[in-house]
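Here's the structure, in structure tokens; my notes come after.
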Amino acid sequence: MLVGLCVVTRLVAQDTSAIDRGVRIGIMYHPGVRPGLVLLPEPAAASDSFRAIVARDLDYSDRFEIISLPGSDSMVADGPAAAGPHAALATPGLNYPLYQALGADFAIGVSLTGDTVRVTVHDVTAGTIRRVFRTALPPLDSPRFRLVVHRIADDVVAATLGTQGIAATRVLFVMDGKLYQIDADGAGLKELRATPGREILSPAWARDGQHLSYMEFWEGHGQLFIEDQAGRRRAVTDGKTLDFTPAFSPDGRTLAFSRATEEGTDIYTINTVNNCCVQRLTVGRFSDNLSPIYSPDGQRIVFVSSRAGLPQVYVMAADGTDQQLFAPFDYGATGSSNAPDWAPDGQTVAFHRDVAGTLQVFVLDVRSRTVRQLTSLGRNSDPTFAPDSRHLAFVSDRAGYRQLWVIDMETGRIRPILEQSGVRLPAWSPQLPEPAASTP
Amino acid sequence: MKRPLLFVLVSVVTAAAVACGGSKPAPQTTPTPQPSTNADSAAARARQDSIAAAAADSARRASEDADRVARQRTADSLAALGRATDAVRMELTNMIHFDYDKAALRPGDVTSLDQKIPLLQANTAVTIRIAGHCDERGSDEYNLALGNRRAMAAKQYLTSHGIDAGRITTVSYGKERPIDPGHDEDAWSKNRRDEFEITAGGDVLKQP
């Protein structure tokens with residue numbers, strides 16, 4: 001039996017040098033708020049692949065203070081070198097006072113027997129085992145492997161903090177006119193679709209995590225499609241007009257989108273069940289209305305309108321009534337604001353705004369209707385919320401090229417998830433459902 | 001785009017002119033000398049043959065000269081027509097440009113549109129497509145709307161000056177088709193544009 005262990009500790013104030021200098025946010029957490037975690041070394045290298053993924057996922061959750069055990073460089077240290085002094089600790093009857101002394105709140109034991117992963121969540125403070133769960137691990141070369149391992153990390157987050165993790169999620173994006181997905185930890189890059197002679201833009205997820213929508217653009221035409229996880233797709237609009245920025249309603253039965261005609265650009269909805277019943281929600285005449293996104297409860301739609309001159313962020317009821325300004329701006333001073341996304345918890349809307357000729361990510365607090373700027377280093381655009389409502393993926397050229405980055409709004413921590421350049425229009429998935437075991 | 005078509009047209013007309021040249025009345029040639037009375041003799045017949053041959057040769061050369069002149073004249077007038085077509089086409093497809101994040105027509109570009117109006121009025125068979133484009137700085141998706149509005153701005157100006165709306169279609173490319181791949185204001189200012197394409201009736205264009 002192979003045994004590994006993670007330990008969680010009390011957070012001490014994090015070194016703020018880790019926070020991007022271009023990020024203007026306050027330190028939203030306080031010393032002691034974030035629990036610490038230690039992952040005990042694994043006595044054999046056999047399980048490194050999944051242990052490394054779990055360890056990184058827990059780190060990327062930004063919810064724990066990860067504590068290195070004395071004598072081991074990291075929680076993913078491999079093999080015998082790190083195993084010796086700690087192997088005994090990983091057995092039942094954990095030396096809780098020792099881990100408490102290290103500042104740990106939780107200790108996570110991860111063992112692999114055959115293809116079964118056994119995860120033991122120790123509550124160090126209480127000196128008890130809080131939860132034990134087992135997961136069948138698919139073969140390393142299975143397409144399900146990574147997702148199953150990510151789900152283990154999310155289960156650890158749920159068992160320790162009672163909240164949903166974001167490891168078992170993916171980000172859709174566009175590069176060179178093709179549609180890609182990547183795991184939230186930056187691995188598993190995969191091309192989903194390329195259509196010769198057409199450019200794919202505006203990818204969007206349905207809340208079920210099983211369907212996505214996007215537009216194909218060619219010669220000024222834009223056609224909307226819905227595609228499932230098996231790659232089967234169907235056209236939603238006919239491509240005679242320029243349709244773009246599709247957005248699913250929470251129940252998945254309606255797609256809101258932008259349609260550009262010789263009357264301007266306005267927001268429409270279409271019934272996706274019967275591909276019928278197109279309704280027009282805005283009548284712009286001399287202004288454009290576009291980029292609709294439903295609120296999580298499906299009652300409202302945030303959108304962009306140029307009714308006051310430059311495009312800004314507005315909100316309306318889902319039937320198109322009660323249109324009003326959402327993100328305040330200074331008329332004549334504030335730059336264009338675009339690409340809104342509504343956080344899954346409903347409390348925040350992220351968007352980008354032109355600041356002195358370049359784009360920066362902003363967030364709007366829905367209740368107080370105040371905005372704050374999240375980024376200032378380079379060009380930062382197209383924010384998209386993770387299902388935990390605290391992480392945002394966005395496109396940034398802070399490292400020289402337009403790449404995919406993630407920011408944690410709570411800690412301000414920023415990390416790249418894809419260092420290839422030319423990334424556009426990311427869309428972060430909801431929590432993904434358990435992949436069907438029968439699927440090859 | 002239409003240049004190869006025009007070239008073919010010119011070639012066909014020129015070829016037709018050459019073919020027709022043969023039927024034109026032959027120009028005045030040297031009078032054929034009267035055959036002498038002792039035409040029976042072989043020498044005399046030979047002499048007469050050579051005279052006839054010389055006359056025929058001379059006539060042929062004269063005819064060829066005439067053809068060449070006619071051909072030149074036709075070519076000249078076609079070239080003139082082609083030059084007019086080129087000039088009109090150039091004027092009609094002259095791009096206009098926009099300020100950053102704006103779809104308002106700039107005064108200099110209004111002048112460019114003003115120059116298109118009489119040309120569209122003089123060439124009633126012409127239909128055009130206006131394509132609006134943006135630079136890379138702005139929002140990807142908003143640029144589709146902005147490009148659309150830029151194309152609409154030019155169309156609305158032309159239709160408000162009497163051009164039938166049915167002759168003008170508009171399309172937006174957003175920021176997807178830059179003509180200058182650079183990343184500075186020089187490139188951006190070139191990329192914020194309306195392109196005008198003649199979609200029909202542009203083979204032969206006349207000046208107003």
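Quick note on naming: the chains in the structure tokens go A, B, ... in the order shown, residues restart at 1 in each chain, and ligands are numbered from 1 in order of appearance.
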(message) Based on the backbone DSSP call, show me all residues of segment 23-150 of chain B assigned strand (DSSP E), as a PyMOL selection string.
(response) chain B and resi 96-97+127-133
Hey, can you spit out that residue selection with C-alpha atoms as an mmCIF file, in the first residue's frame?
data_model
loop_
_atom_site.group_PDB
_atom_site.id
_atom_site.type_symbol
_atom_site.label_atom_id
_atom_site.label_comp_id
_atom_site.auth_asym_id
_atom_site.auth_seq_id
_atom_site.Cartn_x
_atom_site.Cartn_y
_atom_site.Cartn_z
ATOM 1 C CA ILE B 96 -12.083 55.834 -45.795
ATOM 2 C CA HIS B 97 -10.684 55.765 -42.261
ATOM 3 C CA THR B 127 -23.559 47.974 -56.938
ATOM 4 C CA ILE B 128 -21.062 48.138 -54.071
ATOM 5 C CA ARG B 129 -20.301 46.377 -50.820
ATOM 6 C CA ILE B 130 -18.936 48.384 -47.924
ATOM 7 C CA ALA B 131 -16.876 46.420 -45.396
ATOM 8 C CA GLY B 132 -16.137 47.979 -42.001
ATOM 9 C CA HIS B 133 -12.891 47.091 -40.211
#
(request) Pick out the residues sitting within 7 Å of Asp180 of chain B, and hand them over as number ranges by chain; count only C-alpha atoms, and ignore anything fewer than 3 positions along from it in its own chain. (result) B: 187, 190-191
Atoms kept (N, CA, C and O atoms) for selection, written as a compact mmCIF listing (two decimals), in the first residue's frame:
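again.txt written:
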# COMPACT_ATOMS: atom_id res chain seq x y z
N ALA B 187 -0.08 51.50 -38.09
CA ALA B 187 -0.82 50.33 -38.58
C ALA B 187 -2.29 50.43 -38.19
O ALA B 187 -3.19 50.20 -39.01
N LYS B 190 -4.40 52.67 -40.29
CA LYS B 190 -4.72 52.10 -41.60
C LYS B 190 -5.82 51.04 -41.49
O LYS B 190 -6.63 50.86 -42.40
N ASN B 191 -5.82 50.33 -40.37
CA ASN B 191 -6.76 49.22 -40.22
C ASN B 191 -8.18 49.66 -39.85
O ASN B 191 -9.13 48.93 -40.09
Would you pick out the contacts of Arg177 of chain B at 12 Å or less, using only C-alpha atoms, so that residues sharing its chain but fewer than 3 positions from it are not included, and give the list as a short mmCIF file (atom, residue, chain, number, x, y, z; two decimals) with C-alpha atoms, in the first residue's frame?
data_model
loop_
_atom_site.label_atom_id
_atom_site.label_comp_id
_atom_site.auth_asym_id
_atom_site.auth_seq_id
_atom_site.Cartn_x
_atom_site.Cartn_y
_atom_site.Cartn_z
CA GLU A 199 -12.98 31.48 -37.86
CA PHE A 217 -17.29 33.82 -38.78
CA TRP A 218 -16.66 34.14 -42.49
CA GLU A 219 -16.96 37.05 -44.96
CA GLY A 220 -18.95 39.11 -42.52
CA ALA B 131 -16.88 46.42 -45.40
CA GLY B 132 -16.14 47.98 -42.00
CA HIS B 133 -12.89 47.09 -40.21
CA CYS B 134 -11.31 47.88 -36.83
CA ASP B 135 -7.86 47.91 -35.31
CA GLU B 136 -6.58 45.25 -32.93
CA ASP B 140 -12.87 41.50 -30.15
CA ASN B 143 -15.40 45.40 -32.95
CA LEU B 144 -17.86 43.31 -34.96
CA GLY B 147 -17.17 47.53 -38.00
CA SER B 172 -18.38 43.87 -40.84
CA TYR B 173 -15.05 42.16 -40.40
CA GLY B 174 -14.39 43.51 -36.93
CA ASP B 180 -1.31 46.24 -41.79
CA PRO B 181 -0.14 43.62 -39.30
CA TRP B 188 -3.93 50.86 -36.44
CA LYS B 190 -4.72 52.10 -41.60
CA ASN B 191 -6.76 49.22 -40.22
CA ARG B 192 -9.65 51.37 -38.96
CA ARG B 193 -11.32 51.58 -42.34
CA ASP B 194 -14.21 51.03 -44.71
CA GLU B 195 -13.35 49.10 -47.85
#
Closest-contact table, chain B side, partner chain A, 10 Å, counting only C-alpha atoms, as CSV:
residue,atom,partner,partner_atom,distance
B:Tyr100,CA,A:Gly357,CA,8.9
B:Asp101,CA,A:Leu310,CA,7.8
B:Lys102,CA,A:Leu310,CA,8.4
B:Ala131,CA,A:Gly220,CA,8.1
B:Gly132,CA,A:Gly220,CA,9.3
B:Arg137,CA,A:Thr358,CA,7.0
B:Gly138,CA,A:Leu359,CA,7.7
B:Ser139,CA,A:Asn338,CA,6.7
B:Asp140,CA,A:Leu425,CA,7.9
B:Glu141,CA,A:Thr245,CA,7.3
B:Tyr142,CA,A:Asn338,CA,7.1
B:Leu144,CA,A:Ala260,CA,7.9
B:Ala145,CA,A:Thr265,CA,5.9
B:Leu146,CA,A:Asp288,CA,8.3
B:Gly147,CA,A:Gly220,CA,9.7
B:Asn148,CA,A:Ala260,CA,6.8
B:Arg149,CA,A:Gly264,CA,6.4
B:Ala151,CA,A:Glu262,CA,8.7
B:Met152,CA,A:Glu262,CA,6.4
B:Ala153,CA,A:Glu262,CA,9.9
B:Lys155,CA,A:Glu262,CA,9.3
B:Gln156,CA,A:Glu262,CA,9.7
B:Thr169,CA,A:Glu262,CA,8.4
B:Thr170,CA,A:Glu262,CA,7.0
B:Val171,CA,A:Gly220,CA,5.2
B:Ser172,CA,A:Gly220,CA,5.1
B:Tyr173,CA,A:Gly220,CA,5.4
B:Gly174,CA,A:Gly220,CA,8.5
B:Glu176,CA,A:Glu199,CA,8.9
B:Arg177,CA,A:Glu219,CA,9.9
Take the residues from that selection and put them in a file with C-alpha atoms, as a short mmCIF file (atom, residue, chain, number, x, y, z; two decimals), in the first residue's frame.
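Okay, result-v3.cif is ready:
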data_model
loop_
_atom_site.label_atom_id
_atom_site.label_comp_id
_atom_site.auth_asym_id
_atom_site.auth_seq_id
_atom_site.Cartn_x
_atom_site.Cartn_y
_atom_site.Cartn_z
CA TYR B 100 -10.13 54.94 -32.58
CA ASP B 101 -13.35 53.45 -31.22
CA LYS B 102 -15.44 55.75 -33.43
CA ALA B 131 -16.88 46.42 -45.40
CA GLY B 132 -16.14 47.98 -42.00
CA ARG B 137 -6.78 47.31 -29.77
CA GLY B 138 -10.44 47.29 -28.97
CA SER B 139 -12.68 44.47 -27.80
CA ASP B 140 -12.87 41.50 -30.15
CA GLU B 141 -16.63 41.20 -30.12
CA TYR B 142 -17.54 44.87 -29.87
CA LEU B 144 -17.86 43.31 -34.96
CA ALA B 145 -20.56 45.80 -34.00
CA LEU B 146 -18.23 48.75 -34.55
CA GLY B 147 -17.17 47.53 -38.00
CA ASN B 148 -20.84 47.09 -38.86
CA ARG B 149 -21.57 50.65 -37.75
CA ALA B 151 -19.96 50.38 -42.87
CA MET B 152 -23.44 51.67 -42.06
CA ALA B 153 -22.10 55.20 -41.59
CA LYS B 155 -23.88 53.69 -46.56
CA GLN B 156 -26.15 56.14 -44.76
CA THR B 169 -24.68 46.18 -49.03
CA THR B 170 -22.68 46.39 -45.82
CA VAL B 171 -20.63 43.87 -43.91
CA SER B 172 -18.38 43.87 -40.84
CA TYR B 173 -15.05 42.16 -40.40
CA GLY B 174 -14.39 43.51 -36.93
CA GLU B 176 -10.32 39.98 -38.12
CA ARG B 177 -8.76 41.28 -41.38
#
(request) If you run DSSP over the backbone, which residues in segment 45-292 of chain A end up alpha helix (DSSP H)? Put them as a ChimeraX atom specification. (result) /A:48-60,79-87,96-101,145-161
So that I can check the surroundings of Phe64 of chain A, please list as a JSON list (two decimals) with all heavy atoms, in the first residue's frame every protein, DNA and RNA residue that reaches within 7 Å of it, counting only C-alpha atoms and ignoring chain neighbours fewer than 4 positions away.
[["chain", "number", "residue", "atom", "x", "y", "z"],
["A", 8, "VAL", "N", -2.74, 20.57, 6.32],
["A", 8, "VAL", "CA", -3.19, 21.94, 6.14],
["A", 8, "VAL", "C", -2.86, 22.74, 7.40],
["A", 8, "VAL", "O", -3.06, 22.26, 8.50],
["A", 8, "VAL", "CB", -4.72, 21.96, 5.92],
["A", 8, "VAL", "CG1", -5.18, 23.34, 5.58],
["A", 8, "VAL", "CG2", -5.08, 20.98, 4.81],
["A", 34, "ARG", "N", -6.77, 31.79, 6.27],
["A", 34, "ARG", "CA", -6.62, 30.71, 5.30],
["A", 34, "ARG", "C", -5.93, 29.51, 5.94],
["A", 34, "ARG", "O", -4.80, 29.65, 6.44],
["A", 34, "ARG", "CB", -5.80, 31.22, 4.11],
["A", 34, "ARG", "CG", -6.01, 30.41, 2.85],
["A", 34, "ARG", "CD", -5.43, 31.10, 1.67],
["A", 34, "ARG", "NE", -3.98, 31.13, 1.68],
["A", 34, "ARG", "CZ", -3.23, 31.17, 0.58],
["A", 34, "ARG", "NH1", -3.81, 31.17, -0.60],
["A", 34, "ARG", "NH2", -1.92, 31.22, 0.67],
["A", 35, "PRO", "N", -6.59, 28.37, 5.95],
["A", 35, "PRO", "CA", -5.98, 27.22, 6.60],
["A", 35, "PRO", "C", -4.78, 26.70, 5.84],
["A", 35, "PRO", "O", -4.72, 26.78, 4.62],
["A", 35, "PRO", "CB", -7.09, 26.18, 6.63],
["A", 35, "PRO", "CG", -8.03, 26.58, 5.57],
["A", 35, "PRO", "CD", -7.89, 28.06, 5.39],
["A", 36, "GLY", "N", -3.81, 26.16, 6.56],
["A", 36, "GLY", "CA", -2.62, 25.61, 5.93],
["A", 36, "GLY", "C", -2.78, 24.14, 5.62],
["A", 36, "GLY", "O", -3.66, 23.47, 6.15],
["A", 37, "LEU", "N", -1.94, 23.64, 4.73],
["A", 37, "LEU", "CA", -2.06, 22.26, 4.28],
["A", 37, "LEU", "C", -0.69, 21.69, 3.98],
["A", 37, "LEU", "O", 0.13, 22.34, 3.37],
["A", 37, "LEU", "CB", -2.95, 22.21, 3.04],
["A", 37, "LEU", "CG", -3.20, 20.86, 2.37],
["A", 37, "LEU", "CD1", -4.58, 20.85, 1.75],
["A", 37, "LEU", "CD2", -2.15, 20.59, 1.30],
["A", 59, "ASP", "N", -3.05, 23.73, -4.41],
["A", 59, "ASP", "CA", -2.33, 25.01, -4.42],
["A", 59, "ASP", "C", -3.11, 26.04, -5.22],
["A", 59, "ASP", "O", -3.34, 27.17, -4.78],
["A", 59, "ASP", "CB", -0.94, 24.79, -5.01],
["A", 59, "ASP", "CG", -0.14, 26.07, -5.06],
["A", 59, "ASP", "OD1", -0.37, 26.95, -4.20],
["A", 59, "ASP", "OD2", 0.73, 26.21, -5.94]]
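Atom CA of Gln299 of chain A is found 27.9 Å from atom CA of Gln360 of chain A.
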Give me, as a Markdown table, the closest atom pair and its distance (Å, one decimal) for every residue of segment 220-332 of chain A within a cut-off of 10 Å of segment 363-373 of chain A, counting only C-alpha atoms, rows sorted by chain and rising number.
| residue | atom | partner | partner_atom | distance |
| --- | --- | --- | --- | --- |
| A:Val313 | CA | A:Leu364 | CA | 9.7 |
| A:Leu325 | CA | A:Arg369 | CA | 9.7 |
| A:Phe326 | CA | A:Arg369 | CA | 6.9 |
| A:Ala327 | CA | A:Leu364 | CA | 6.3 |
| A:Pro328 | CA | A:Thr370 | CA | 7.1 |
| A:Phe329 | CA | A:Val371 | CA | 9.0 |
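Candidate residues A:Gly114, A:Gly209, A:Gly103, A:Pro426 were compared for distance to Ala393 of chain A, and the nearest is A:Pro426, using only C-alpha atoms.
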(request) Fewer than 3 positions away in the same chain doesn't count, so skip those; otherwise give me all residues within 12 Å of Thr254 of chain A, counting only C-alpha atoms, as a list in words. (result) Ala206, Arg207, Ser213, Ile226, Val236, Pro246, Ala247, Phe248, Ser249, Pro250, Asp251, Phe257, Tyr268, Thr269, Ile270, Asn271, Thr272, Val273, Asn274, Asn275, Cys276, Cys277, Val278, Gln279, Ile293, Tyr294, Gly298, Ala318 and Asp319 of chain A
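What separates atom CA of Ile200 of chain A from atom CA of Val174 of chain A is a distance of 6.9 Å.
Omitting Gln121 of chain B and its sequence neighbours fewer than 6 positions away, and counting only C-alpha atoms, the residues within 10 Å are Gly162, Ile163, Asp164, Gln207 and Pro208 of chain B.
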